[in-house]
$ cat upload.cif   # mmCIF, C-alpha atoms
data_input
#
loop_
_atom_site.label_atom_id
_atom_site.label_comp_id
_atom_site.auth_asym_id
_atom_site.auth_seq_id
_atom_site.Cartn_x
_atom_site.Cartn_y
_atom_site.Cartn_z
CA MET A 1 -8.96 -1.79 -14.40
CA LYS A 2 -11.86 -4.19 -14.83
CA LYS A 3 -15.21 -2.56 -15.35
CA ASP A 4 -16.62 -3.96 -12.12
CA SER A 5 -13.70 -2.53 -10.12
CA PHE A 6 -14.95 0.96 -10.91
CA LYS A 7 -18.04 0.35 -8.77
CA PHE A 8 -15.81 0.83 -5.72
CA VAL A 9 -14.48 4.11 -7.09
CA GLU A 10 -17.98 5.30 -7.93
CA ASP A 11 -19.12 4.43 -4.41
CA LEU A 12 -16.27 6.52 -3.01
CA PHE A 13 -17.34 9.48 -5.12
CA LEU A 14 -20.93 9.13 -3.89
CA ARG A 15 -19.67 9.43 -0.33
CA ARG A 16 -16.89 11.93 -1.02
CA ALA A 17 -17.83 13.79 -4.18
CA ASP A 18 -14.99 16.25 -3.66
CA THR A 19 -12.44 13.52 -4.45
CA ALA A 20 -13.72 12.87 -7.98
CA TYR A 21 -10.73 14.69 -9.47
CA LEU A 22 -8.54 11.84 -8.15
CA LYS A 23 -10.11 9.23 -10.42
CA ASN A 24 -7.07 8.89 -12.68
CA ALA A 25 -4.69 8.85 -9.72
CA ILE A 26 -6.70 6.09 -8.02
CA GLU A 27 -6.64 4.04 -11.20
CA SER A 28 -2.89 4.60 -11.55
CA ALA A 29 -2.29 3.51 -7.95
CA VAL A 30 -4.32 0.34 -8.53
CA ASP A 31 -2.42 -0.36 -11.74
CA ALA A 32 0.93 0.13 -9.99
CA ILE A 33 0.04 -2.36 -7.27
CA CYS A 34 -1.58 -4.88 -9.59
CA GLY A 35 1.36 -4.60 -11.95
CA LEU A 36 3.91 -5.79 -9.41
CA GLY A 37 6.03 -8.51 -10.93
CA GLU A 38 6.94 -11.83 -9.37
CA ASN A 39 8.82 -11.45 -6.07
CA LYS A 40 8.07 -7.71 -5.98
CA LYS A 41 6.51 -5.93 -3.03
CA ILE A 42 5.08 -2.75 -1.56
CA LEU A 43 6.96 -0.72 1.05
CA LEU A 44 5.11 1.90 3.09
CA CYS A 45 6.28 4.85 5.20
CA GLY A 46 4.76 7.69 7.21
CA ASN A 47 4.81 9.34 10.64
CA GLY A 48 2.35 9.40 13.52
CA GLY A 49 -1.19 8.74 12.33
CA SER A 50 0.26 8.15 8.88
CA ALA A 51 2.41 5.37 10.33
CA ALA A 52 -0.81 3.76 11.51
CA ASP A 53 -2.17 4.16 7.97
CA CYS A 54 0.88 2.26 6.68
CA GLU A 55 0.05 -0.64 9.00
CA HIS A 56 -3.65 -0.51 8.10
CA PHE A 57 -3.08 -0.35 4.33
CA ALA A 58 -0.56 -3.21 4.46
CA GLY A 59 -2.95 -5.27 6.58
CA GLU A 60 -5.69 -5.04 3.96
CA LEU A 61 -3.26 -6.10 1.23
CA ASN A 62 -1.46 -8.94 3.03
CA LYS A 63 -4.64 -10.97 3.57
CA GLY A 64 -8.23 -11.04 2.43
CA PHE A 65 -10.14 -7.76 2.66
CA ILE A 66 -13.71 -8.58 1.60
CA LEU A 67 -12.88 -11.68 -0.45
CA LYS A 68 -11.57 -15.07 0.72
CA ARG A 69 -8.56 -15.12 -1.66
CA ARG A 70 -8.19 -18.90 -1.67
CA ILE A 71 -4.64 -20.21 -2.12
CA THR A 72 -3.61 -21.28 -5.61
CA ASN A 73 -4.22 -24.80 -6.86
CA GLU A 74 -0.48 -25.14 -7.40
CA LEU A 75 0.28 -24.42 -3.74
CA GLU A 76 -2.52 -26.73 -2.60
CA LYS A 77 -1.01 -29.59 -4.61
CA LYS A 78 2.46 -28.98 -3.13
CA ILE A 79 1.09 -28.93 0.40
CA ASP A 80 -0.92 -32.06 -0.26
CA GLY A 81 2.14 -33.84 -1.60
CA LEU A 82 4.22 -32.98 1.45
CA TYR A 83 1.74 -32.76 4.34
CA PRO A 84 -1.57 -34.34 3.27
CA GLU A 85 -2.78 -34.40 6.87
CA ASP A 86 -2.68 -30.58 6.92
CA THR A 87 -4.05 -29.80 3.46
CA ALA A 88 -7.61 -29.11 4.57
CA LEU A 89 -6.45 -26.74 7.33
CA PHE A 90 -4.25 -24.74 4.99
CA VAL A 91 -6.85 -24.56 2.23
CA LYS A 92 -9.58 -23.50 4.63
CA HIS A 93 -7.67 -20.72 6.38
CA LEU A 94 -4.74 -19.44 4.29
CA GLN A 95 -5.33 -16.48 1.97
CA GLN A 96 -3.38 -14.97 -0.89
CA GLY A 97 -1.81 -11.58 -0.29
CA VAL A 98 -0.06 -8.71 -2.00
CA PRO A 99 3.36 -8.58 -0.26
CA SER A 100 3.36 -5.33 1.72
CA VAL A 101 5.94 -4.19 4.27
CA PRO A 102 5.36 -1.17 6.55
CA LEU A 103 8.79 0.35 7.20
CA THR A 104 7.28 1.64 10.43
CA SER A 105 7.18 -1.88 11.91
CA PHE A 106 10.84 -2.63 12.55
CA ILE A 107 11.17 -1.47 16.16
CA SER A 108 14.69 -2.79 16.84
CA THR A 109 16.10 -1.75 13.46
CA ASN A 110 14.43 1.66 13.51
CA THR A 111 15.38 2.58 17.07
CA ALA A 112 18.96 1.45 16.46
CA TYR A 113 19.14 3.53 13.29
CA LEU A 114 17.62 6.58 15.00
CA ASN A 115 20.17 6.25 17.79
CA ASP A 116 23.23 5.51 15.69
CA CYS A 117 22.73 7.29 12.37
CA GLU A 118 20.79 10.13 10.72
CA PRO A 119 17.12 10.17 11.86
CA ASP A 120 15.89 11.85 8.67
CA LEU A 121 17.18 8.89 6.66
CA LEU A 122 15.28 6.29 8.67
CA PHE A 123 12.83 5.31 5.93
CA ALA A 124 15.49 5.74 3.25
CA GLN A 125 17.48 3.07 5.08
CA GLY A 126 14.45 0.78 4.90
CA VAL A 127 14.18 1.41 1.16
CA ASN A 128 17.90 0.78 0.81
CA SER A 129 17.72 -2.55 2.65
CA LEU A 130 14.46 -3.90 1.24
CA GLY A 131 13.60 -2.00 -1.94
CA ASN A 132 14.37 -3.24 -5.42
CA ARG A 133 13.63 -2.01 -8.92
CA GLY A 134 10.02 -2.75 -9.75
CA ASP A 135 8.77 -2.47 -6.15
CA VAL A 136 6.32 0.23 -5.05
CA LEU A 137 6.91 2.73 -2.24
CA VAL A 138 3.74 4.14 -0.70
CA CYS A 139 4.35 7.43 1.11
CA PHE A 140 1.97 9.07 3.57
CA SER A 141 2.60 12.71 4.48
CA THR A 142 -0.27 15.07 5.23
CA SER A 143 1.94 18.09 4.53
CA GLY A 144 3.90 16.45 1.74
CA ASN A 145 7.02 17.83 3.40
CA SER A 146 8.04 15.21 5.98
CA ALA A 147 11.82 15.04 5.65
CA ASN A 148 12.19 11.32 6.33
CA VAL A 149 9.45 10.52 3.80
CA LEU A 150 11.01 12.82 1.18
CA TYR A 151 14.39 11.12 1.54
CA ALA A 152 12.74 7.72 1.24
CA ALA A 153 11.04 8.83 -1.97
CA LYS A 154 14.31 10.19 -3.35
CA LEU A 155 16.11 6.92 -2.71
CA ALA A 156 13.18 4.97 -4.14
CA LYS A 157 13.44 6.97 -7.37
CA ALA A 158 17.20 6.34 -7.48
CA LYS A 159 16.63 2.58 -7.06
CA GLY A 160 13.85 2.31 -9.64
CA LEU A 161 10.80 1.97 -7.40
CA THR A 162 7.42 3.49 -8.26
CA VAL A 163 6.39 6.15 -5.72
CA VAL A 164 2.70 6.45 -4.78
CA SER A 165 2.00 9.32 -2.37
CA PHE A 166 -0.91 10.31 -0.14
CA THR A 167 -0.82 14.00 0.85
CA GLY A 168 -2.96 17.03 1.58
CA GLU A 169 -4.16 19.34 -1.15
CA SER A 170 -0.87 21.11 -1.85
CA GLY A 171 1.13 17.91 -2.29
CA GLY A 172 4.12 19.68 -0.77
CA LYS A 173 7.58 18.77 -2.00
CA LEU A 174 6.52 15.14 -2.26
CA LYS A 175 4.45 15.82 -5.37
CA TYR A 176 7.65 16.37 -7.35
CA LEU A 177 8.94 12.92 -6.35
CA SER A 178 5.71 10.99 -6.95
CA ASP A 179 4.75 8.84 -9.90
CA VAL A 180 1.20 8.82 -8.52
CA LEU A 181 -0.08 11.64 -6.29
CA LEU A 182 -3.26 11.34 -4.23
CA ASN A 183 -3.54 14.87 -2.86
CA VAL A 184 -6.84 15.10 -1.01
CA PRO A 185 -8.87 18.33 -0.76
CA SER A 186 -7.90 19.49 2.73
CA SER A 187 -5.05 21.18 4.59
CA VAL A 188 -6.16 20.03 8.05
CA THR A 189 -4.17 17.04 9.31
CA HIS A 190 -6.91 14.90 10.83
CA LEU A 191 -9.26 15.56 7.94
CA ILE A 192 -6.55 14.64 5.45
CA GLN A 193 -6.07 11.34 7.26
CA GLU A 194 -9.81 10.65 7.09
CA TYR A 195 -9.66 11.14 3.33
CA HIS A 196 -6.61 8.90 3.12
CA LEU A 197 -8.45 6.04 4.82
CA SER A 198 -11.30 6.26 2.31
CA LEU A 199 -8.86 6.32 -0.58
CA TYR A 200 -6.71 3.37 0.38
CA HIS A 201 -9.74 1.29 1.31
CA THR A 202 -11.06 1.96 -2.19
CA ILE A 203 -7.69 1.07 -3.71
CA CYS A 204 -7.62 -2.18 -1.71
CA LEU A 205 -11.11 -3.09 -2.89
CA CYS A 206 -10.09 -2.50 -6.49
CA VAL A 207 -6.80 -4.37 -6.19
CA GLU A 208 -8.52 -7.35 -4.58
CA ASN A 209 -11.14 -7.42 -7.31
CA GLU A 210 -8.48 -7.17 -10.01
CA LEU A 211 -6.26 -9.93 -8.63
CA PHE A 212 -8.47 -12.32 -6.70
CA ALA A 213 -12.10 -12.07 -7.83
#
$ encode --input "upload.cif" --output "C-alpha cells"
Amino acid sequence: MKKDSFKFVEDLFLRRADTAYLKNAIESAVDAICGLGENKKILLCGNGGSAADCEHFAGELNKGFILKRRITNELEKKIDGLYPEDTALFVKHLQQGVPSVPLTSFISTNTAYLNDCEPDLLFAQGVNSLGNRGDVLVCFSTSGNSANVLYAAKLAKAKGLTVVSFTGESGGKLKYLSDVLLNVPSSVTHLIQEYHLSLYHTICLCVENELFA
C-alpha cells in the first residue's frame, strides 16, 4: 500500500483502537482488491444485515467514494470519436469503478433457486455462474458459520477465487476457508456489523487512494 493510504487505517485505529490487530488483514484485503486483473471482479455474499453490507460495500467500490475517479483518457477519446456531442456529459459525470457484484441482488434468480434447488447453495450458485479464477469473493458472516456463505467460500476456493471474510471474533468455520480474515473483537451480532462497516469503509478509502488518487 502507498504510504498515504495508511492514514485511513491509522484514523480507524484512533476511533477503534481495539481493531489494531487487524492491520495486516486490512492491508491484505486492500492488496487483494487492488490486485484484481483485467476483467476480474468482486463478488459479495451475506445474510440479513450482512446482505445490506454487501450492497453498501459494492456501492462504494462501483463508483466514487470520496474521490471523483475521472474516466480514463483512452475512454474519453473513444467517446469523443463516436459521440462528440456527448463527450462533456460523460466526462463530467461518469466515474471509474472496481467491478463489484453483490450476489444478494438477483431477486428473480435467487428466489427461483431457493424454490427449485438447495437453499444452502444459493450463494455457491452465484459463484458458480459468475466467479472465475482471479476474482475475489467477499463473505460477511457475523458467526462465521452461515451455511450458505460457507458453501460459497468452498466453491470459490475450488474455482481459484481469493476469499476475504468479515466475521465476529471467533471467525467460526469460515476462518478455515479464508485467505484474508477480518474477525472483529465482538460476539454480539449488531456490534459486529458496526465494526464491519468501519472496516470496509476504511478498505474502500485505501483502495480508492491506491487506484484513483
$ residues_around --input "upload.cif" --residues "segment 164-167 of chain A" --least-positions-apart "5" --cutoff "8 Å" --atoms "all atoms listed in the file" --output "PyMOL selection string"
chain A and resi 29+136-144+172+174-175+178-184+192+196
$ residues_around --input "upload.cif" --residues "Glu38 of chain A" --least-positions-apart "5" --cutoff "12 Å" --atoms "all atoms listed in the file" --output "list in words"
Ile33, Val98, Pro99, Arg133, Gly134 and Asp135 of chain A
$ residues_around --input "upload.cif" --residues "Ala213 of chain A" --least-positions-apart "5" --cutoff "8 Å" --atoms "all atoms listed in the file" --output "ChimeraX atom specification"
/A:67,69,208
$ residues_around --input "upload.cif" --residues "segment 108-120 of chain A" --least-positions-apart "4" --cutoff "10 Å" --atoms "all atoms listed in the file" --output "PDB file with C-alpha atoms, in the coordinates of the input"
ATOM      1  CA  LEU A 103       8.790   0.350   7.200  1.00  0.00           C
ATOM      2  CA  THR A 104       7.280   1.640  10.430  1.00  0.00           C
ATOM      3  CA  ALA A 124      15.490   5.740   3.250  1.00  0.00           C
ATOM      4  CA  GLN A 125      17.480   3.070   5.080  1.00  0.00           C
ATOM      5  CA  GLY A 126      14.450   0.780   4.900  1.00  0.00           C
ATOM      6  CA  SER A 146       8.040  15.210   5.980  1.00  0.00           C
ATOM      7  CA  ALA A 147      11.820  15.040   5.650  1.00  0.00           C
ATOM      8  CA  ASN A 148      12.190  11.320   6.330  1.00  0.00           C
ATOM      9  CA  VAL A 149       9.450  10.520   3.800  1.00  0.00           C
ATOM     10  CA  LEU A 150      11.010  12.820   1.180  1.00  0.00           C
ATOM     11  CA  TYR A 151      14.390  11.120   1.540  1.00  0.00           C
ATOM     12  CA  ALA A 152      12.740   7.720   1.240  1.00  0.00           C
TER      13      ALA A 152
END
$ resolve_selection --input "upload.cif" --expression "the PyMOL selection byres ((chain A and resi 94) around 10)" --output "ChimeraX atom specification"
/A:63-64,68-71,89-93,95-97
$ residues_around --input "upload.cif" --residues "Glu55 of chain A" --least-positions-apart "2" --cutoff "12 Å" --atoms "all atoms listed in the file" --output "list in words"
Ile42, Leu43, Leu44, Cys45, Gly46, Asn47, Gly48, Gly49, Ser50, Ala51, Ala52, Asp53, Phe57, Ala58, Gly59, Glu60, Leu61, Asn62, Ser100, Val101, Pro102, Leu103, Thr104, Ser105, Phe106, Val138, Phe140, Leu197 and Tyr200 of chain A
$ atom_distance --input "upload.cif" --atom1 "atom CA of Gly37 of chain A" --atom2 "atom CA of Val127 of chain A"
17.6 Å
